[in-house]
Amino acid sequence: MSFIRNDWYVAAWPEELTEKPISRRLGNEPVVMYRDRSGKAIALLDRCPHRGAALSMGEVTELGLQCNYHGITFDCEGKAVRIPGQDKIPPKACVKNFPLAEKDGFVWIWLGDADKADHSKIIDYPYQTDTKNWPSKKGVMVVKAHYMHLVDNLMDLTHIGYMHKQTIGSGPSDAYARPLINIERTETGVKFTRWLLDHVPPATYVKAVGFKGLVDRWQEFEFVGPGSVMQFTGALDAGTGAYDQGKREGGFALRIFHALTPETDESCHYFFAPMNGFRPEDPAATEMLYQQIVTTFLEDKAFCEAQQLRLEEISEPQIDYKLDNVRILGRRYYERRMSEQQQQLQAAE
Amino acid sequence: MSFIRNDWYVAAWPEELTEKPISRRLGNEPVVMYRDRSGKAIALLDRCPHRGAALSMGEVTELGLQCNYHGITFDCEGKAVRIPGQDKIPPKACVKNFPLAEKDGFVWIWLGDADKADHSKIIDYPYQTDTKNWPSKKGVMVVKAHYMHLVDNLMDLTHIGYMHKQTIGSGPSDAYARPLINIERTETGVKFTRWLLDHVPPATYVKAVGFKGLVDRWQEFEFVGPGSVMQFTGALDAGTGAYDQGKREGGFALRIFHALTPETDESCHYFFAPMNGFRPEDPAATEMLYQQIVTTFLEDKAFCEAQQLRLEEISEPQIDYKLDNVRILGRRYYERRMSEQQQQLQAAE
Amino acid sequence: MSFIRNDWYVAAWPEELTEKPISRRLGNEPVVMYRDRSGKAIALLDRCPHRGAALSMGEVTELGLQCNYHGITFDCEGKAVRIPGQDKIPPKACVKNFPLAEKDGFVWIWLGDADKADHSKIIDYPYQTDTKNWPSKKGVMVVKAHYMHLVDNLMDLTHIGYMHKQTIGSGPSDAYARPLINIERTETGVKFTRWLLDHVPPATYVKAVGFKGLVDRWQEFEFVGPGSVMQFTGALDAGTGAYDQGKREGGFALRIFHALTPETDESCHYFFAPMNGFRPEDPAATEMLYQQIVTTFLEDKAFCEAQQLRLEEISEPQIDYKLDNVRILGRRYYERRMSEQQQQLQAAE
């Protein structure tokens, strides 16, 4: 296993869950997710305890999720409540239930021991549901790379000048490698603010708000383990107070909640919803922003997937460079949690 | 290995075998099948003993099957009879021959020790070749599931009310879970008759023979190990003698010989030919029946393939329910044969 | 490992290498190849030592090959010469360099210990670049078979009468199995000349030079280990001096340098460029020849790929026949080199 078990991950967008069950591999287990007749979101192991059929091929009834192989029906906790052809329901007729929580526009799943699920640990995030000020279009894609490679990617924005120079990496590539940066280690990861002053704005920014000259551009990122990265970036005309007076209004502004969820040990789900903070009343601007970000993320995906293959094949130690400093703080959080987990698993044996 | 070796399985439909060799994986071995110039059906290991070429890429000549890599030719027993460039034929120049038998409209192969092949064990089945009374259209598909999962499927018809409710699962789903059932254990498996009295006829049945009201519907199935299931189902107008007087004429009637043959340890070939016993003089009725059955079997295939994946991944014990009673008798036959096989293999070591 | 390491193999056609890097698996390693600004061909391990990104997704700059993940740049020897965000370059920041050599129209790579690379061992071959007398069109394809199966194929031309009878295998199949043959073992493999006298010319030959009757056809092949086979074949009108007077002019003539390079342990790259020695001034003749040869090679590919699968699955000893005599000499070279390599690897442990 290569992920932190006892914690919350984004499992789905709320709109994805309906009475038509969907199957998604999460934390290397097949999971079926759906809503019952009351609208409650439910996640169960996608495997009927009778003959192993996929529950996701079943249907929601008044009683719960009906397996469409032989009709056994499970309630929201995974307990069989109806077995065709018999009245008695054996206590072992149940399927694993995953704690699920809907909060602030995300469906969260607990990928560890159910009795340890602590709802107070779920991140507060007021923006995703604030569709007036931060309208967004939602996306999700599978990336065939371990989720921490995506976190690494977001923790070192040097890559923007190289990997994304056709999209958001405006100006000289080197500009991104000599930032003004403020780094803060946190209990759940790390956060940083980068500044690019007197900076050529990316084409996306110009298109969005019509910058005429140079800008001051900020990049605020926070990694909150196990798999969330909250981004707030934007720019104002250079020297108009973004950097020294904390002004954020009147230019370009963008938020993204990057949710990275292990699918298998070598792949992850990438949930994202770029939020239009520059022309929130304009749906075309939200759509334009989404398309630009998807283009960028497909570049990240291509690089991380090739990286995953190389690292699987050749495990020689890598070399860290100076700008890995933030990334390494993120990794330390991951390694500490993984090490604790290892000890707990060993103690339990 | 996970199949009964020393026994007969359906390898092909007779029409599939011509002078143009075909390759098919059977019992986890690559097999080439063809007819020689006399029309005799032959099965050999699909691997030339010279350099390992696929014999199925060769051609039939007067002398036998010619490998089209270097021209070595094998007779119907797999013995080389011609080696280009030399007159002497070494005794080791031969390829494994599989006992093959054509009987009652099927080509049977013996997937075990050739010297134990007992032709008297091949099932008698008078219907497949009785094209006047039981015309059929033949099909074969690969299902990525162990062949016993398909046998299991046929041994518990409760699933019709759930999995096939769009096709042959008419009436309330529960109807199939409370049948009148007669079960008989046999030396080679198990057979049963199920009755659904005063039953809403499936759309297929109505379309076929124009039922106006309820019917009495029978489902006679026999599993004959290792991989055959013989089905005879049908219906008459309710209360017109099907159940209490043994009448079978004047309504809907259908036979299927389900032949399930291991391809690999996780997949099988499914041979089937739904026989039109209700309007045998009408080819359109035969075609309609075939299309309905294929639709149904694709549902079985989808469920069994997902089931195979789940059971490969998570091997926890499953829970049996009451209606598994027939299925379990089928499994006992399989397990007894597998256990005997295991003992013989160990004794031989 | 199943290939001779310390030796030269063809890695690419010179035209394939430009400032746009390409990735190719060679000797079971991912290799990036490109030309630097001076036009020099370079091969590096396709894995950045920083975070494992694929260098083939990078770009060539004045300084060398820039990884487009974080901008680290490597010179032609694989040494980092620029690391964004820092001035100091640690000595460990380097990537494996493969010796590469351009000679006589081929790009050769040394797939072993770089310090043992001996440029004097690269084959001399004056024809590939003699585009006046031997114009050619170049091809490369991946064959999912060990490269020695392709060498075997070329060392036993008996197969032409069977596998290629639709293309170059004219006349009775047996003609190719009773050749006049002269065999010579060499230090680096084996060579042979085969003669087919009073022979029906292949359709390709007739189309090329308009033969009216029978021909005398020669087939000169030399295997030079580890992976090269040089072919010179052709034909003159029967009895006009090809066989007894050594005449080669005035008929059909064709050269091919077959370069077989291990991709993985079970697959290889097949480089080939059929050279038109019969109407060198006519580009349409060169194109026609290429198309005919490609058709033939796709037959070789199909047979060798099936053979690879069969031999992977069933490892029983094969049977040699008389005409394996040349092939076996080629294999002896391979086995001697592999055995020496094994001893060296063991001695080094």
# chains A, B, ... in the order shown; residues from 1 in each chain; ligands from 1

$ residues_around --residues "stretch 152-157 of chain A" --least-positions-apart "2" --cutoff "10 Å" --atoms "only C-alpha atoms" --output "PyMOL selection string"
(chain A and resi 147-150+159-163+169+176-177+179+190-192+194+219+221-223+229-231+258+300+303-304+323-331) or (chain C and resi 51+69-70)

$ write_last_selection --atoms "C-alpha atoms" --output "tab-separated table (two decimals), in the first residue's frame"
chain	number	residue	atom	x	y	z
A	147	TYR	CA	-1.09	11.08	-6.22
A	148	MET	CA	1.97	12.49	-4.43
A	149	HIS	CA	3.61	13.13	-7.80
A	150	LEU	CA	0.75	15.53	-8.49
A	159	HIS	CA	7.72	23.93	-13.75
A	160	ILE	CA	5.30	26.55	-15.08
A	161	GLY	CA	8.06	28.25	-17.03
A	162	TYR	CA	8.98	25.02	-18.80
A	163	MET	CA	6.09	22.58	-18.93
A	169	GLY	CA	3.97	30.09	-18.27
A	176	TYR	CA	9.54	31.16	-12.20
A	177	ALA	CA	12.82	29.88	-10.81
A	179	PRO	CA	10.58	33.93	-7.06
A	190	VAL	CA	2.89	23.28	3.93
A	191	LYS	CA	1.82	26.57	2.40
A	192	PHE	CA	3.62	29.17	0.37
A	194	ARG	CA	5.19	33.25	-4.47
A	219	GLN	CA	0.59	32.33	-6.27
A	221	PHE	CA	-0.82	27.42	-2.44
A	222	GLU	CA	-1.52	25.24	0.54
A	223	PHE	CA	-1.09	21.50	0.69
A	229	VAL	CA	-4.05	21.57	-2.53
A	230	MET	CA	-5.81	24.91	-2.34
A	231	GLN	CA	-4.69	27.49	-4.86
A	258	HIS	CA	-7.03	20.39	-6.36
A	300	ASP	CA	0.86	17.87	-16.00
A	303	PHE	CA	4.64	14.50	-17.56
A	304	CYS	CA	3.56	12.77	-14.34
A	323	LEU	CA	13.70	24.70	-5.35
A	324	ASP	CA	12.56	21.34	-3.98
A	325	ASN	CA	12.42	23.00	-0.56
A	326	VAL	CA	8.61	23.35	-0.47
A	327	ARG	CA	8.02	20.02	-2.14
A	328	ILE	CA	10.20	18.30	0.44
A	329	LEU	CA	8.10	19.75	3.28
A	330	GLY	CA	5.03	18.26	1.63
A	331	ARG	CA	6.75	14.93	1.28
C	51	ARG	CA	12.43	13.80	-10.46
C	69	TYR	CA	9.69	19.58	-16.12
C	70	HIS	CA	11.94	21.92	-14.14

$ closest_atom_pairs --of "chain A" --to "chain B" --cutoff "7 Å" --atoms "only C-alpha atoms" --output "Markdown table"
| residue | atom | partner | partner_atom | distance |
| --- | --- | --- | --- | --- |
| A:Arg47 | CA | B:Arg310 | CA | 6.3 |
| A:Pro49 | CA | B:Gln318 | CA | 5.3 |
| A:His50 | CA | B:Ile319 | CA | 4.6 |
| A:Arg51 | CA | B:Gln318 | CA | 6.1 |
| A:Gly52 | CA | B:Gln307 | CA | 5.1 |
| A:Ala53 | CA | B:Gln307 | CA | 4.5 |
| A:Ala54 | CA | B:Ala306 | CA | 6.0 |
| A:Asn68 | CA | B:Tyr162 | CA | 5.0 |
| A:Tyr69 | CA | B:His159 | CA | 5.3 |
| A:His70 | CA | B:His159 | CA | 4.7 |
| A:Gly71 | CA | B:Tyr162 | CA | 6.1 |
| A:Pro84 | CA | B:Ala177 | CA | 5.7 |
| A:Gly85 | CA | B:Ala177 | CA | 4.8 |
| A:Gln86 | CA | B:Lys322 | CA | 6.6 |
| A:Ala93 | CA | B:Ile319 | CA | 6.6 |

$ calpha_fit_and_write --fixed "chain B" --moving "chain A" --output "compact mmCIF listing (two decimals) with C-alpha atoms, in the first residue's frame"
# COMPACT_ATOMS: atom_id res chain seq x y z
CA MET A 1 -4.98 -25.37 -13.25
CA SER A 2 -8.61 -24.89 -12.49
CA PHE A 3 -10.57 -27.22 -14.73
CA ILE A 4 -11.35 -30.91 -14.99
CA ARG A 5 -8.76 -32.29 -17.40
CA ASN A 6 -9.77 -35.78 -18.28
CA ASP A 7 -13.07 -35.15 -19.96
CA TRP A 8 -14.82 -33.95 -23.08
CA TYR A 9 -15.68 -30.35 -23.86
CA VAL A 10 -17.20 -28.75 -26.93
CA ALA A 11 -14.33 -27.38 -29.01
CA ALA A 12 -16.15 -25.98 -32.03
CA TRP A 13 -19.26 -26.08 -34.15
CA PRO A 14 -18.76 -28.56 -37.01
CA GLU A 15 -19.13 -25.74 -39.58
CA GLU A 16 -16.21 -23.85 -38.05
CA LEU A 17 -13.78 -26.57 -39.08
CA THR A 18 -12.64 -26.55 -42.69
CA GLU A 19 -9.35 -26.96 -44.54
CA LYS A 20 -8.47 -23.45 -43.35
CA PRO A 21 -7.02 -24.04 -39.87
CA ILE A 22 -8.31 -22.04 -36.91
CA SER A 23 -6.55 -21.37 -33.62
CA ARG A 24 -8.45 -21.51 -30.34
CA ARG A 25 -7.18 -21.60 -26.77
CA LEU A 26 -8.74 -24.60 -25.04
CA GLY A 27 -7.88 -25.75 -21.53
CA ASN A 28 -5.18 -23.10 -21.47
CA GLU A 29 -3.35 -24.53 -24.47
CA PRO A 30 -3.14 -23.12 -27.99
CA VAL A 31 -4.94 -25.58 -30.25
CA VAL A 32 -5.12 -25.64 -34.03
CA MET A 33 -8.21 -27.30 -35.53
CA TYR A 34 -8.94 -28.12 -39.15
CA ARG A 35 -10.26 -30.83 -41.47
CA ASP A 36 -7.94 -32.93 -43.58
CA ARG A 37 -8.68 -33.69 -47.24
CA SER A 38 -11.00 -36.52 -46.19
CA GLY A 39 -13.05 -34.12 -44.06
CA LYS A 40 -11.87 -35.54 -40.77
CA ALA A 41 -11.71 -33.02 -37.92
CA ILE A 42 -8.30 -32.81 -36.25
CA ALA A 43 -6.91 -30.92 -33.27
CA LEU A 44 -3.18 -30.47 -32.62
CA LEU A 45 -1.13 -28.29 -30.32
CA ASP A 46 -0.75 -25.05 -32.27
CA ARG A 47 3.06 -25.06 -32.05
CA CYS A 48 5.47 -26.57 -34.54
CA PRO A 49 8.10 -28.70 -32.77
CA HIS A 50 10.77 -27.36 -35.12
CA ARG A 51 10.92 -23.66 -34.27
CA GLY A 52 7.66 -23.02 -32.41
CA ALA A 53 5.72 -21.48 -35.29
CA ALA A 54 1.92 -21.41 -35.10
CA LEU A 55 0.61 -24.31 -37.15
CA SER A 56 -2.66 -22.42 -37.55
CA MET A 57 -0.79 -20.12 -39.95
CA GLY A 58 -0.15 -23.16 -42.13
CA GLU A 59 -2.26 -25.00 -44.69
CA VAL A 60 -3.79 -28.38 -45.36
CA THR A 61 -2.14 -30.46 -48.09
CA GLU A 62 -2.64 -34.03 -49.28
CA LEU A 63 -0.23 -35.18 -46.60
CA GLY A 64 -1.69 -33.27 -43.69
CA LEU A 65 -1.14 -29.92 -42.00
CA GLN A 66 1.86 -28.09 -43.41
CA CYS A 67 3.63 -25.57 -41.20
CA ASN A 68 4.11 -22.51 -43.35
CA TYR A 69 7.34 -21.49 -41.71
CA HIS A 70 9.62 -24.24 -43.09
CA GLY A 71 7.16 -26.66 -44.65
CA ILE A 72 7.22 -29.53 -42.16
CA THR A 73 3.96 -31.46 -42.54
CA PHE A 74 2.08 -33.39 -39.87
CA ASP A 75 -0.47 -36.15 -40.26
CA CYS A 76 -3.75 -36.42 -38.39
CA GLU A 77 -1.99 -37.85 -35.36
CA GLY A 78 0.61 -35.11 -35.24
CA LYS A 79 3.48 -37.17 -36.65
CA ALA A 80 5.76 -35.37 -39.11
CA VAL A 81 5.39 -37.06 -42.50
CA ARG A 82 7.50 -34.69 -44.57
CA ILE A 83 10.50 -32.52 -43.70
CA PRO A 84 11.80 -30.32 -46.54
CA GLY A 85 15.42 -30.91 -47.39
CA GLN A 86 15.78 -34.31 -45.79
CA ASP A 87 14.47 -37.84 -46.22
CA LYS A 88 14.80 -39.10 -42.70
CA ILE A 89 12.12 -38.14 -40.24
CA PRO A 90 13.21 -38.32 -36.62
CA PRO A 91 10.67 -39.96 -34.30
CA LYS A 92 10.65 -36.89 -32.05
CA ALA A 93 9.30 -34.76 -34.88
CA CYS A 94 5.72 -34.82 -33.75
CA VAL A 95 3.20 -32.53 -32.17
CA LYS A 96 0.64 -33.26 -29.48
CA ASN A 97 -2.66 -34.56 -30.83
CA PHE A 98 -5.93 -33.96 -28.99
CA PRO A 99 -8.69 -36.59 -29.24
CA LEU A 100 -11.56 -35.05 -31.16
CA ALA A 101 -15.03 -36.42 -31.84
CA GLU A 102 -17.97 -35.22 -33.88
CA LYS A 103 -21.29 -36.29 -32.46
CA ASP A 104 -24.86 -35.01 -32.57
CA GLY A 105 -23.88 -31.66 -34.08
CA PHE A 106 -20.94 -30.82 -31.83
CA VAL A 107 -17.17 -31.18 -32.09
CA TRP A 108 -15.88 -32.50 -28.78
CA ILE A 109 -12.29 -32.35 -27.54
CA TRP A 110 -10.66 -34.38 -24.76
CA LEU A 111 -8.55 -32.03 -22.66
CA GLY A 112 -6.67 -34.64 -20.67
CA ASP A 113 -4.45 -37.65 -21.16
CA ALA A 114 -5.16 -38.92 -24.65
CA ASP A 115 -4.96 -42.57 -23.63
CA LYS A 116 -7.86 -42.09 -21.24
CA ALA A 117 -10.23 -40.61 -23.83
CA ASP A 118 -13.45 -42.57 -23.59
CA HIS A 119 -15.80 -41.91 -26.50
CA SER A 120 -18.68 -43.58 -24.72
CA LYS A 121 -18.76 -40.71 -22.25
CA ILE A 122 -19.83 -38.12 -24.86
CA ILE A 123 -23.35 -36.87 -24.21
CA ASP A 124 -26.19 -38.12 -26.42
CA TYR A 125 -28.25 -35.20 -27.64
CA PRO A 126 -30.75 -35.86 -30.43
CA TYR A 127 -32.08 -32.30 -30.85
CA GLN A 128 -29.19 -30.27 -32.28
CA THR A 129 -29.22 -32.18 -35.54
CA ASP A 130 -33.01 -32.51 -35.69
CA THR A 131 -33.27 -29.35 -37.74
CA LYS A 132 -36.85 -30.12 -38.78
CA ASN A 133 -38.31 -29.97 -35.30
CA TRP A 134 -35.60 -27.95 -33.53
CA PRO A 135 -34.03 -25.51 -35.99
CA SER A 136 -31.41 -23.25 -34.45
CA LYS A 137 -28.86 -20.55 -35.12
CA LYS A 138 -25.45 -21.16 -33.58
CA GLY A 139 -23.32 -18.79 -31.58
CA VAL A 140 -20.10 -18.78 -29.62
CA MET A 141 -18.57 -16.10 -27.46
CA VAL A 142 -15.64 -15.77 -25.10
CA VAL A 143 -16.59 -14.86 -21.54
CA LYS A 144 -13.79 -13.59 -19.32
CA ALA A 145 -14.91 -15.66 -16.36
CA HIS A 146 -14.21 -19.17 -15.15
CA TYR A 147 -16.63 -21.59 -16.83
CA MET A 148 -18.12 -22.71 -13.51
CA HIS A 149 -19.40 -19.18 -12.92
CA LEU A 150 -21.53 -19.69 -16.03
CA VAL A 151 -22.70 -23.08 -14.80
CA ASP A 152 -23.55 -21.47 -11.44
CA ASN A 153 -25.50 -18.84 -13.30
CA LEU A 154 -27.64 -21.46 -15.06
CA MET A 155 -28.18 -23.48 -11.89
CA ASP A 156 -29.88 -20.57 -10.09
CA LEU A 157 -32.62 -19.05 -12.22
CA THR A 158 -33.54 -16.60 -9.49
CA HIS A 159 -31.33 -14.23 -11.44
CA ILE A 160 -33.82 -14.05 -14.32
CA GLY A 161 -36.08 -11.75 -12.34
CA TYR A 162 -33.26 -9.29 -11.72
CA MET A 163 -30.54 -9.53 -14.35
CA HIS A 164 -32.87 -10.26 -17.26
CA LYS A 165 -35.92 -8.29 -16.32
CA GLN A 166 -35.68 -6.34 -19.58
CA THR A 167 -35.79 -9.56 -21.63
CA ILE A 168 -36.97 -12.94 -20.36
CA GLY A 169 -37.58 -11.96 -16.74
CA SER A 170 -41.27 -11.07 -16.99
CA GLY A 171 -43.56 -10.46 -14.05
CA PRO A 172 -42.55 -9.54 -10.52
CA SER A 173 -38.85 -10.16 -9.83
CA ASP A 174 -39.79 -12.20 -6.80
CA ALA A 175 -41.71 -14.74 -8.85
CA TYR A 176 -38.44 -16.43 -9.79
CA ALA A 177 -37.36 -16.67 -6.16
CA ARG A 178 -40.32 -18.74 -4.94
CA PRO A 179 -40.56 -21.50 -7.55
CA LEU A 180 -42.07 -24.91 -7.39
CA ILE A 181 -38.88 -26.83 -7.81
CA ASN A 182 -37.90 -30.45 -8.15
CA ILE A 183 -34.20 -31.20 -7.75
CA GLU A 184 -32.39 -34.40 -8.56
CA ARG A 185 -28.74 -35.06 -7.98
CA THR A 186 -27.18 -37.17 -10.74
CA GLU A 187 -23.91 -39.01 -11.19
CA THR A 188 -22.62 -36.32 -13.51
CA GLY A 189 -24.14 -33.26 -11.88
CA VAL A 190 -27.66 -32.21 -11.07
CA LYS A 191 -30.99 -31.58 -12.76
CA PHE A 192 -34.03 -29.61 -11.79
CA THR A 193 -37.47 -28.59 -12.98
CA ARG A 194 -38.90 -25.27 -11.94
CA TRP A 195 -42.54 -24.23 -12.43
CA LEU A 196 -43.93 -20.73 -12.60
CA LEU A 197 -47.72 -21.10 -12.54
CA ASP A 198 -50.21 -18.38 -13.45
CA HIS A 199 -47.25 -16.40 -14.60
CA VAL A 200 -46.98 -13.28 -16.79
CA PRO A 201 -45.29 -14.54 -19.99
CA PRO A 202 -42.06 -12.83 -21.10
CA ALA A 203 -42.33 -10.47 -24.07
CA THR A 204 -40.29 -12.98 -26.11
CA TYR A 205 -42.90 -15.68 -25.49
CA VAL A 206 -45.81 -13.40 -26.33
CA LYS A 207 -44.13 -12.27 -29.51
CA ALA A 208 -43.38 -15.86 -30.44
CA VAL A 209 -46.77 -17.48 -29.99
CA GLY A 210 -49.27 -14.74 -29.14
CA PHE A 211 -50.21 -15.62 -25.55
CA LYS A 212 -53.23 -13.57 -24.49
CA GLY A 213 -53.10 -14.17 -20.73
CA LEU A 214 -51.17 -15.90 -18.00
CA VAL A 215 -49.16 -19.05 -18.59
CA ASP A 216 -47.72 -22.05 -16.81
CA ARG A 217 -43.99 -21.96 -17.50
CA TRP A 218 -41.49 -24.76 -17.03
CA GLN A 219 -37.72 -24.63 -16.78
CA GLU A 220 -35.97 -27.98 -17.04
CA PHE A 221 -32.20 -27.83 -16.71
CA GLU A 222 -29.56 -30.47 -16.38
CA PHE A 223 -25.90 -29.88 -15.66
CA VAL A 224 -23.78 -32.71 -17.03
CA GLY A 225 -20.19 -32.22 -15.97
CA PRO A 226 -17.73 -31.03 -16.85
CA GLY A 227 -19.27 -28.22 -18.90
CA SER A 228 -22.68 -28.95 -20.41
CA VAL A 229 -26.08 -27.62 -19.39
CA MET A 230 -29.14 -28.82 -21.27
CA GLN A 231 -32.16 -26.56 -21.09
CA PHE A 232 -35.77 -27.23 -22.04
CA THR A 233 -38.14 -24.39 -21.25
CA GLY A 234 -41.54 -23.33 -22.42
CA ALA A 235 -45.03 -22.36 -21.47
CA LEU A 236 -48.68 -23.15 -22.22
CA ASP A 237 -51.77 -21.11 -21.39
CA ALA A 238 -52.27 -21.36 -17.63
CA GLY A 239 -54.25 -24.38 -16.52
CA THR A 240 -54.22 -26.19 -19.88
CA GLY A 241 -52.26 -29.20 -18.71
CA ALA A 242 -48.60 -28.30 -18.87
CA TYR A 243 -48.11 -28.74 -15.15
CA ASP A 244 -50.52 -31.52 -14.18
CA GLN A 245 -50.81 -33.52 -17.44
CA GLY A 246 -47.28 -33.17 -18.82
CA LYS A 247 -48.47 -31.46 -22.00
CA ARG A 248 -45.74 -29.60 -23.93
CA GLU A 249 -47.38 -29.00 -27.32
CA GLY A 250 -49.21 -25.91 -28.50
CA GLY A 251 -47.33 -23.17 -26.68
CA PHE A 252 -43.84 -21.87 -26.45
CA ALA A 253 -40.91 -24.27 -26.37
CA LEU A 254 -37.19 -23.71 -26.45
CA ARG A 255 -34.12 -25.89 -26.06
CA ILE A 256 -30.55 -24.77 -25.57
CA PHE A 257 -27.44 -26.86 -25.19
CA HIS A 258 -25.11 -24.58 -23.23
CA ALA A 259 -21.54 -25.78 -23.75
CA LEU A 260 -18.96 -24.15 -21.50
CA THR A 261 -15.35 -24.84 -22.29
CA PRO A 262 -12.34 -23.49 -20.39
CA GLU A 263 -10.27 -21.11 -22.49
CA THR A 264 -7.88 -20.05 -19.70
CA ASP A 265 -8.14 -20.31 -15.92
CA GLU A 266 -10.15 -17.08 -15.95
CA SER A 267 -12.16 -17.34 -19.15
CA CYS A 268 -14.27 -19.72 -21.17
CA HIS A 269 -15.91 -20.26 -24.54
CA TYR A 270 -19.70 -20.24 -24.45
CA PHE A 271 -21.28 -22.26 -27.28
CA PHE A 272 -25.03 -22.04 -27.65
CA ALA A 273 -27.71 -22.58 -30.27
CA PRO A 274 -31.24 -21.60 -29.19
CA MET A 275 -33.65 -24.10 -30.79
CA ASN A 276 -36.98 -22.91 -32.03
CA GLY A 277 -39.56 -25.47 -30.87
CA PHE A 278 -42.57 -23.18 -31.24
CA ARG A 279 -42.59 -22.26 -34.97
CA PRO A 280 -39.93 -24.59 -36.39
CA GLU A 281 -41.02 -24.03 -39.98
CA ASP A 282 -40.37 -20.26 -39.69
CA PRO A 283 -36.72 -19.11 -40.09
CA ALA A 284 -37.67 -15.60 -38.92
CA ALA A 285 -38.83 -17.08 -35.61
CA THR A 286 -35.49 -18.90 -35.24
CA GLU A 287 -33.63 -15.66 -35.92
CA MET A 288 -35.84 -13.67 -33.51
CA LEU A 289 -35.23 -16.25 -30.79
CA TYR A 290 -31.47 -16.13 -31.37
CA GLN A 291 -31.38 -12.34 -31.08
CA GLN A 292 -33.37 -12.42 -27.83
CA ILE A 293 -31.12 -15.07 -26.33
CA VAL A 294 -27.93 -13.29 -27.37
CA THR A 295 -29.19 -10.15 -25.65
CA THR A 296 -29.80 -12.17 -22.51
CA PHE A 297 -26.43 -13.92 -22.68
CA LEU A 298 -24.61 -10.61 -23.05
CA GLU A 299 -26.18 -9.66 -19.70
CA ASP A 300 -24.89 -12.92 -18.19
CA LYS A 301 -21.48 -12.22 -19.70
CA ALA A 302 -21.28 -8.70 -18.26
CA PHE A 303 -22.24 -9.87 -14.76
CA CYS A 304 -19.96 -12.92 -14.77
CA GLU A 305 -16.98 -10.93 -16.02
CA ALA A 306 -17.37 -8.34 -13.26
CA GLN A 307 -17.85 -11.18 -10.77
CA GLN A 308 -14.65 -12.86 -11.96
CA LEU A 309 -12.68 -9.65 -11.39
CA ARG A 310 -14.15 -9.14 -7.91
CA LEU A 311 -13.45 -12.72 -6.85
CA GLU A 312 -9.90 -12.61 -8.21
CA GLU A 313 -9.27 -9.46 -6.23
CA ILE A 314 -11.00 -10.22 -2.94
CA SER A 315 -11.04 -13.86 -1.97
CA GLU A 316 -13.01 -13.59 1.26
CA PRO A 317 -15.53 -16.38 1.72
CA GLN A 318 -18.88 -15.74 0.13
CA ILE A 319 -22.24 -16.23 1.73
CA ASP A 320 -24.60 -18.86 0.40
CA TYR A 321 -28.32 -18.25 0.43
CA LYS A 322 -31.15 -20.77 0.35
CA LEU A 323 -31.60 -20.77 -3.42
CA ASP A 324 -27.98 -21.80 -3.88
CA ASN A 325 -29.11 -25.36 -3.18
CA VAL A 326 -29.00 -26.52 -6.82
CA ARG A 327 -25.89 -24.54 -7.62
CA ILE A 328 -24.10 -26.13 -4.68
CA LEU A 329 -24.88 -29.62 -6.01
CA GLY A 330 -23.30 -28.62 -9.30
CA ARG A 331 -20.26 -27.28 -7.51
CA ARG A 332 -19.95 -30.48 -5.48
CA TYR A 333 -19.59 -32.45 -8.69
CA TYR A 334 -16.87 -30.04 -9.83
CA GLU A 335 -15.07 -30.14 -6.50
CA ARG A 336 -15.17 -33.92 -6.31
CA ARG A 337 -13.66 -34.25 -9.78
CA MET A 338 -11.04 -31.60 -9.05
CA SER A 339 -10.12 -33.31 -5.81
CA GLU A 340 -9.75 -36.69 -7.55
CA GLN A 341 -7.64 -35.03 -10.20
CA GLN A 342 -5.41 -33.47 -7.57
CA GLN A 343 -4.89 -36.85 -5.94
CA GLN A 344 -4.04 -38.47 -9.27
CA LEU A 345 -1.56 -35.75 -10.09
CA GLN A 346 0.08 -36.14 -6.72
CA ALA A 347 0.16 -39.93 -7.03
CA ALA A 348 1.82 -39.57 -10.43
CA GLU A 349 4.64 -37.47 -9.02

$ select_by_dssp --residues "stretch 106-320 of chain A" --states "strand (DSSP E or B)" --output "PyMOL selection string"
chain A and resi 106-110+136+139-143+180-186+189-199+215-224+228-237+252-264+267-272+275-276

$ select_by_dssp --residues "stretch 21-162 of chain C" --states "helix (DSSP H, G or I)" --output "ChimeraX atom specification"
/C:55-57,114-116,119-121,147-155,157-162

$ decode --residues "stretch 185-193 of chain A" --atoms "C-alpha atoms" --output "mmCIF file, in the first residue's frame"
data_model
loop_
_atom_site.group_PDB
_atom_site.id
_atom_site.type_symbol
_atom_site.label_atom_id
_atom_site.label_comp_id
_atom_site.auth_asym_id
_atom_site.auth_seq_id
_atom_site.Cartn_x
_atom_site.Cartn_y
_atom_site.Cartn_z
ATOM 1 C CA ARG A 185 5.219 24.593 7.360
ATOM 2 C CA THR A 186 1.838 23.605 8.808
ATOM 3 C CA GLU A 187 0.542 20.735 10.882
ATOM 4 C CA THR A 188 -1.122 19.188 7.865
ATOM 5 C CA GLY A 189 1.426 20.050 5.196
ATOM 6 C CA VAL A 190 2.890 23.279 3.933
ATOM 7 C CA LYS A 191 1.818 26.571 2.398
ATOM 8 C CA PHE A 192 3.621 29.165 0.371
ATOM 9 C CA THR A 193 3.145 32.470 -1.408
#
